[in-house]
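Source file: run-v4.cif. Holds: mmCIF, N, CA, C and O atoms.
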data_query
#
loop_
_atom_site.label_atom_id
_atom_site.label_comp_id
_atom_site.auth_asym_id
_atom_site.auth_seq_id
_atom_site.Cartn_x
_atom_site.Cartn_y
_atom_site.Cartn_z
N MET A 1 75.27 99.36 122.64
CA MET A 1 75.05 99.75 121.26
C MET A 1 76.24 99.24 120.45
O MET A 1 77.39 99.50 120.80
N VAL A 2 75.95 98.51 119.40
CA VAL A 2 77.00 97.95 118.55
C VAL A 2 76.67 98.25 117.09
O VAL A 2 75.55 98.60 116.75
N GLY A 3 77.68 98.09 116.26
CA GLY A 3 77.48 98.27 114.82
C GLY A 3 76.93 97.01 114.19
O GLY A 3 76.81 95.97 114.84
N PRO A 4 76.63 97.07 112.89
CA PRO A 4 75.99 95.93 112.23
C PRO A 4 76.90 94.72 112.00
O PRO A 4 76.40 93.64 111.78
N ILE A 5 78.21 94.89 112.06
CA ILE A 5 79.12 93.76 111.81
C ILE A 5 80.21 93.69 112.87
O ILE A 5 81.32 93.26 112.60
N CYS A 6 79.91 94.10 114.07
CA CYS A 6 80.92 94.16 115.13
C CYS A 6 81.41 92.77 115.53
O CYS A 6 80.69 91.79 115.44
N GLU A 7 82.65 92.74 115.99
CA GLU A 7 83.19 91.54 116.61
C GLU A 7 82.55 91.42 117.99
O GLU A 7 81.95 92.36 118.50
N SER A 8 82.70 90.30 118.63
CA SER A 8 82.01 90.05 119.89
C SER A 8 82.38 91.04 121.00
O SER A 8 81.59 91.29 121.90
N SER A 9 83.55 91.63 120.95
CA SER A 9 83.95 92.55 122.01
C SER A 9 83.86 94.02 121.60
O SER A 9 84.20 94.91 122.37
N ASP A 10 83.40 94.31 120.38
CA ASP A 10 83.29 95.69 119.91
C ASP A 10 81.95 96.29 120.28
O ASP A 10 80.90 95.67 120.06
N PHE A 11 81.98 97.48 120.82
CA PHE A 11 80.73 98.19 121.12
C PHE A 11 81.01 99.69 121.18
O PHE A 11 82.13 100.12 121.40
N PHE A 12 79.97 100.49 120.96
CA PHE A 12 80.07 101.94 121.02
C PHE A 12 79.75 102.45 122.43
O PHE A 12 80.29 103.43 122.89
N ALA A 13 78.84 101.81 123.09
CA ALA A 13 78.46 102.21 124.45
C ALA A 13 78.05 100.97 125.23
O ALA A 13 77.46 100.05 124.69
N LYS A 14 78.37 100.96 126.51
CA LYS A 14 78.04 99.83 127.36
C LYS A 14 77.58 100.37 128.71
O LYS A 14 78.23 101.23 129.29
N ASP A 15 76.46 99.84 129.18
CA ASP A 15 75.90 100.26 130.47
C ASP A 15 75.67 101.77 130.54
O ASP A 15 75.99 102.42 131.54
N ARG A 16 75.15 102.34 129.47
CA ARG A 16 74.82 103.77 129.43
C ARG A 16 73.37 103.93 129.02
O ARG A 16 72.92 103.29 128.08
N PRO A 17 72.64 104.81 129.70
CA PRO A 17 71.26 105.04 129.29
C PRO A 17 71.21 105.81 127.97
O PRO A 17 72.01 106.73 127.76
N LEU A 18 70.35 105.39 127.08
CA LEU A 18 70.17 106.06 125.79
C LEU A 18 68.70 106.41 125.62
O LEU A 18 67.83 105.67 126.10
N PRO A 19 68.42 107.49 124.89
CA PRO A 19 67.02 107.78 124.60
C PRO A 19 66.45 106.71 123.68
O PRO A 19 67.20 106.02 122.97
N LYS A 20 65.15 106.55 123.69
CA LYS A 20 64.51 105.58 122.81
C LYS A 20 64.72 106.02 121.36
O LYS A 20 64.49 107.17 121.02
N VAL A 21 65.18 105.09 120.53
CA VAL A 21 65.40 105.39 119.12
C VAL A 21 64.63 104.37 118.29
O VAL A 21 64.32 103.27 118.75
N GLY A 22 64.34 104.75 117.08
CA GLY A 22 63.60 103.86 116.19
C GLY A 22 64.15 103.93 114.77
O GLY A 22 65.10 104.67 114.48
N GLU A 23 63.56 103.16 113.91
CA GLU A 23 63.97 103.12 112.51
C GLU A 23 63.92 104.52 111.91
O GLU A 23 62.94 105.24 112.10
N GLY A 24 64.98 104.90 111.22
CA GLY A 24 65.04 106.22 110.59
C GLY A 24 65.65 107.29 111.48
O GLY A 24 65.95 108.38 111.01
N ASP A 25 65.84 107.00 112.76
CA ASP A 25 66.48 107.96 113.67
C ASP A 25 67.99 107.96 113.44
O ASP A 25 68.56 106.99 112.96
N TYR A 26 68.61 109.05 113.81
CA TYR A 26 70.07 109.17 113.70
C TYR A 26 70.67 109.33 115.07
O TYR A 26 70.10 109.97 115.95
N LEU A 27 71.86 108.75 115.25
CA LEU A 27 72.65 108.95 116.45
C LEU A 27 74.01 109.47 116.02
O LEU A 27 74.57 108.99 115.04
N ALA A 28 74.53 110.45 116.73
CA ALA A 28 75.85 111.01 116.40
C ALA A 28 76.87 110.49 117.39
O ALA A 28 76.70 110.64 118.60
N LEU A 29 77.93 109.88 116.89
CA LEU A 29 79.05 109.44 117.71
C LEU A 29 80.19 110.41 117.43
O LEU A 29 80.73 110.44 116.33
N LEU A 30 80.56 111.19 118.42
CA LEU A 30 81.56 112.22 118.20
C LEU A 30 82.98 111.68 118.13
O LEU A 30 83.86 112.30 117.56
N SER A 31 83.20 110.50 118.66
CA SER A 31 84.50 109.84 118.56
C SER A 31 84.23 108.35 118.47
O SER A 31 83.63 107.76 119.37
N ALA A 32 84.67 107.74 117.38
CA ALA A 32 84.33 106.34 117.15
C ALA A 32 85.56 105.43 117.09
O ALA A 32 85.45 104.30 116.68
N GLY A 33 86.71 105.93 117.47
CA GLY A 33 87.91 105.09 117.48
C GLY A 33 88.16 104.43 116.14
O GLY A 33 88.17 105.08 115.12
N ALA A 34 88.32 103.11 116.15
CA ALA A 34 88.64 102.37 114.93
C ALA A 34 87.49 102.38 113.93
O ALA A 34 87.68 102.00 112.79
N TYR A 35 86.30 102.81 114.35
CA TYR A 35 85.19 102.87 113.41
C TYR A 35 85.20 104.16 112.60
O TYR A 35 84.43 104.34 111.70
N GLY A 36 86.08 105.07 112.94
CA GLY A 36 86.19 106.31 112.18
C GLY A 36 86.91 106.08 110.87
O GLY A 36 87.54 105.04 110.64
N ALA A 37 86.87 107.05 109.99
CA ALA A 37 87.45 106.92 108.67
C ALA A 37 88.96 106.71 108.70
O ALA A 37 89.51 106.01 107.86
N VAL A 38 89.63 107.27 109.68
CA VAL A 38 91.08 107.16 109.73
C VAL A 38 91.55 105.71 109.88
O VAL A 38 92.63 105.35 109.43
N MET A 39 90.75 104.86 110.49
CA MET A 39 91.11 103.46 110.68
C MET A 39 90.26 102.52 109.82
O MET A 39 90.27 101.31 110.01
N SER A 40 89.55 103.06 108.86
CA SER A 40 88.64 102.22 108.07
C SER A 40 89.41 101.30 107.13
O SER A 40 90.55 101.57 106.76
N SER A 41 88.76 100.21 106.77
CA SER A 41 89.34 99.25 105.84
C SER A 41 88.19 98.53 105.14
O SER A 41 87.03 98.83 105.35
N ASN A 42 88.53 97.57 104.32
CA ASN A 42 87.52 96.78 103.63
C ASN A 42 87.27 95.46 104.34
O ASN A 42 86.82 94.48 103.75
N TYR A 43 87.53 95.44 105.64
CA TYR A 43 87.30 94.25 106.46
C TYR A 43 85.86 93.80 106.30
O TYR A 43 84.94 94.61 106.23
N ASN A 44 85.63 92.51 106.23
CA ASN A 44 84.30 91.92 106.02
C ASN A 44 83.69 92.34 104.68
O ASN A 44 82.48 92.40 104.53
N SER A 45 84.53 92.67 103.72
CA SER A 45 84.08 93.03 102.36
C SER A 45 83.09 94.19 102.36
O SER A 45 82.15 94.21 101.57
N ARG A 46 83.30 95.14 103.24
CA ARG A 46 82.47 96.34 103.29
C ARG A 46 83.20 97.48 102.60
O ARG A 46 84.41 97.63 102.73
N GLY A 47 82.45 98.30 101.87
CA GLY A 47 83.04 99.49 101.26
C GLY A 47 83.38 100.51 102.33
O GLY A 47 82.82 100.49 103.43
N LEU A 48 84.33 101.39 102.03
CA LEU A 48 84.69 102.43 102.98
C LEU A 48 83.51 103.37 103.21
O LEU A 48 82.72 103.64 102.30
N ILE A 49 83.41 103.89 104.41
CA ILE A 49 82.28 104.72 104.79
C ILE A 49 82.35 106.10 104.15
O ILE A 49 83.41 106.57 103.75
N ALA A 50 81.19 106.73 104.06
CA ALA A 50 81.14 108.12 103.65
C ALA A 50 81.60 108.96 104.84
O ALA A 50 81.52 108.54 105.98
N GLU A 51 82.10 110.16 104.55
CA GLU A 51 82.56 111.05 105.61
C GLU A 51 81.90 112.41 105.45
O GLU A 51 81.87 112.95 104.35
N ALA A 52 81.39 112.92 106.55
CA ALA A 52 80.77 114.25 106.55
C ALA A 52 81.52 115.14 107.52
O ALA A 52 81.97 114.69 108.57
N LEU A 53 81.65 116.39 107.18
CA LEU A 53 82.26 117.38 108.05
C LEU A 53 81.13 118.28 108.55
O LEU A 53 80.33 118.79 107.76
N VAL A 54 81.04 118.43 109.87
CA VAL A 54 79.96 119.21 110.48
C VAL A 54 80.57 120.37 111.25
O VAL A 54 81.52 120.20 112.01
N HIS A 55 80.01 121.56 111.04
CA HIS A 55 80.44 122.76 111.76
C HIS A 55 79.18 123.56 112.10
O HIS A 55 78.54 124.11 111.21
N GLY A 56 78.82 123.56 113.38
CA GLY A 56 77.59 124.25 113.78
C GLY A 56 76.40 123.60 113.12
O GLY A 56 76.19 122.40 113.23
N ASN A 57 75.62 124.38 112.39
CA ASN A 57 74.44 123.84 111.70
C ASN A 57 74.71 123.54 110.23
O ASN A 57 73.80 123.32 109.45
N LYS A 58 75.98 123.54 109.83
CA LYS A 58 76.35 123.24 108.44
C LYS A 58 76.99 121.86 108.36
O LYS A 58 77.75 121.47 109.26
N ALA A 59 76.72 121.15 107.29
CA ALA A 59 77.32 119.84 107.07
C ALA A 59 77.63 119.68 105.58
O ALA A 59 76.89 120.17 104.73
N ALA A 60 78.72 119.00 105.29
CA ALA A 60 79.10 118.75 103.90
C ALA A 60 79.70 117.36 103.80
O ALA A 60 80.45 116.92 104.67
N LEU A 61 79.36 116.65 102.73
CA LEU A 61 79.95 115.34 102.45
C LEU A 61 81.35 115.59 101.90
O LEU A 61 81.51 116.27 100.88
N VAL A 62 82.37 115.08 102.59
CA VAL A 62 83.75 115.30 102.14
C VAL A 62 84.37 114.06 101.52
O VAL A 62 85.44 114.14 100.94
N ARG A 63 83.71 112.91 101.68
CA ARG A 63 84.13 111.69 100.99
C ARG A 63 82.89 110.83 100.78
O ARG A 63 82.15 110.57 101.71
N GLU A 64 82.67 110.40 99.54
CA GLU A 64 81.52 109.55 99.24
C GLU A 64 81.78 108.13 99.71
O GLU A 64 82.92 107.70 99.81
N ARG A 65 80.69 107.39 99.96
CA ARG A 65 80.80 105.99 100.33
C ARG A 65 81.38 105.20 99.16
O ARG A 65 81.04 105.44 98.01
N GLN A 66 82.27 104.27 99.45
CA GLN A 66 82.89 103.44 98.42
C GLN A 66 81.90 102.36 97.97
O GLN A 66 81.27 101.71 98.81
N GLU A 67 81.76 102.19 96.69
CA GLU A 67 80.89 101.14 96.17
C GLU A 67 81.58 99.79 96.35
O GLU A 67 82.78 99.69 96.22
N LEU A 68 80.81 98.76 96.62
CA LEU A 68 81.38 97.44 96.87
C LEU A 68 82.24 96.89 95.74
O LEU A 68 83.30 96.36 95.99
N PRO A 69 81.84 96.98 94.47
CA PRO A 69 82.70 96.41 93.43
C PRO A 69 84.11 96.99 93.43
O PRO A 69 85.06 96.33 93.09
N LYS A 70 84.29 98.23 93.83
CA LYS A 70 85.61 98.85 93.84
C LYS A 70 86.50 98.25 94.92
O LYS A 70 87.70 98.27 94.82
N SER A 71 85.90 97.72 95.99
CA SER A 71 86.71 97.20 97.08
C SER A 71 87.51 95.97 96.67
O SER A 71 88.55 95.69 97.24
N GLY A 72 87.05 95.23 95.66
CA GLY A 72 87.77 94.04 95.20
C GLY A 72 88.67 94.31 94.01
O GLY A 72 89.41 93.44 93.58
N LYS A 73 88.61 95.52 93.49
CA LYS A 73 89.40 95.86 92.31
C LYS A 73 90.89 95.74 92.62
O LYS A 73 91.36 96.16 93.66
N GLY A 74 91.62 95.16 91.72
CA GLY A 74 93.05 95.02 91.87
C GLY A 74 93.48 93.73 92.56
O GLY A 74 94.66 93.44 92.64
N LYS A 75 92.53 92.95 93.05
CA LYS A 75 92.88 91.68 93.67
C LYS A 75 93.00 90.61 92.60
O LYS A 75 92.22 90.58 91.65
N LYS A 76 93.99 89.75 92.75
CA LYS A 76 94.22 88.70 91.74
C LYS A 76 94.40 87.36 92.45
O LYS A 76 94.91 87.29 93.56
N ILE A 77 94.00 86.29 91.77
CA ILE A 77 94.21 84.94 92.27
C ILE A 77 95.48 84.39 91.64
O ILE A 77 95.60 84.40 90.41
N PRO A 78 96.43 83.95 92.42
CA PRO A 78 97.66 83.40 91.85
C PRO A 78 97.36 82.21 90.94
O PRO A 78 96.44 81.43 91.21
N ALA A 79 98.14 82.08 89.87
CA ALA A 79 97.93 81.01 88.90
C ALA A 79 97.97 79.63 89.55
O ALA A 79 97.24 78.72 89.16
N TRP A 80 98.81 79.46 90.58
CA TRP A 80 98.94 78.15 91.21
C TRP A 80 97.73 77.79 92.06
O TRP A 80 97.62 76.67 92.53
N LEU A 81 96.78 78.70 92.25
CA LEU A 81 95.55 78.38 92.98
C LEU A 81 94.38 78.08 92.04
O LEU A 81 93.34 77.64 92.47
N LYS A 82 94.56 78.34 90.76
CA LYS A 82 93.46 78.14 89.79
C LYS A 82 93.34 76.69 89.39
O LYS A 82 94.22 75.93 89.39
#
Please express the file's structure as structure tokens.
Amino acid sequence: MVGPICESSDFFAKDRPLPKVGEGDYLALLSAGAYGAVMSSNYNSRGLIAEALVHGNKAALVRERQELPKSGKGKKIPAWLK
């Protein structure tokens, strides 16, 4: 199982049986390493992920997904490259 923009060696699970899943299904990864919010970045021009906090049967959005135009905000092209 890999993410939509993974590098060739990145994966969430390898050689593990998974239940059959389909479009619209959800999978919960309880620990995602560098894919978690703490290590997130705008690599590959992707906005930062949304973050949800789950406790028992309650869930709350604690950080909204970053919109793509904001990820490029503040970047400038040096005059000598124009």
Excluding segment 49-57 of chain A and any residue of its chain fewer than 5 positions from it, enumerate the residues within 7 Å of it, using all atoms listed in the file, and give them as an mmCIF file with N, CA, C and O atoms, in the frame of the given file.
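Result file follows (selection.cif):
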data_model
loop_
_atom_site.group_PDB
_atom_site.id
_atom_site.type_symbol
_atom_site.label_atom_id
_atom_site.label_comp_id
_atom_site.auth_asym_id
_atom_site.auth_seq_id
_atom_site.Cartn_x
_atom_site.Cartn_y
_atom_site.Cartn_z
ATOM 1 N N ALA A 37 86.870 107.050 109.990
ATOM 2 C CA ALA A 37 87.450 106.920 108.670
ATOM 3 C C ALA A 37 88.960 106.710 108.700
ATOM 4 O O ALA A 37 89.510 106.010 107.860
ATOM 5 N N SER A 40 89.550 103.060 108.860
ATOM 6 C CA SER A 40 88.640 102.220 108.070
ATOM 7 C C SER A 40 89.410 101.300 107.130
ATOM 8 O O SER A 40 90.550 101.570 106.760
ATOM 9 N N SER A 41 88.760 100.210 106.770
ATOM 10 C CA SER A 41 89.340 99.250 105.840
ATOM 11 C C SER A 41 88.190 98.530 105.140
ATOM 12 O O SER A 41 87.030 98.830 105.350
ATOM 13 N N VAL A 62 82.370 115.080 102.590
ATOM 14 C CA VAL A 62 83.750 115.300 102.140
ATOM 15 C C VAL A 62 84.370 114.060 101.520
ATOM 16 O O VAL A 62 85.440 114.140 100.940
ATOM 17 N N ARG A 63 83.710 112.910 101.680
ATOM 18 C CA ARG A 63 84.130 111.690 100.990
ATOM 19 C C ARG A 63 82.890 110.830 100.780
ATOM 20 O O ARG A 63 82.150 110.570 101.710
ATOM 21 N N GLU A 64 82.670 110.400 99.540
ATOM 22 C CA GLU A 64 81.520 109.550 99.240
ATOM 23 C C GLU A 64 81.780 108.130 99.710
ATOM 24 O O GLU A 64 82.920 107.700 99.810
ATOM 25 N N ARG A 65 80.690 107.390 99.960
ATOM 26 C CA ARG A 65 80.800 105.990 100.330
ATOM 27 C C ARG A 65 81.380 105.200 99.160
ATOM 28 O O ARG A 65 81.040 105.440 98.010
ATOM 29 N N GLN A 66 82.270 104.270 99.450
ATOM 30 C CA GLN A 66 82.890 103.440 98.420
ATOM 31 C C GLN A 66 81.900 102.360 97.970
ATOM 32 O O GLN A 66 81.270 101.710 98.810
#
Using atom CA of Met39 of chain A and atom CA of Asp10 of chain A as the two end points, give the distance in Å to one decimal.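 Interatomic distance here is 14.4 Å.
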How far is it from atom CA of Phe12 of chain A to atom O of Asp25 of chain A, in Å with one decimal? 14.9 Å
How far is it from atom CA of Lys20 of chain A to atom CA of Leu48 of chain A, in Å with one decimal?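 Value for the atom CA of Lys20 of chain A-atom CA of Leu48 of chain A distance: 28.5 Å.
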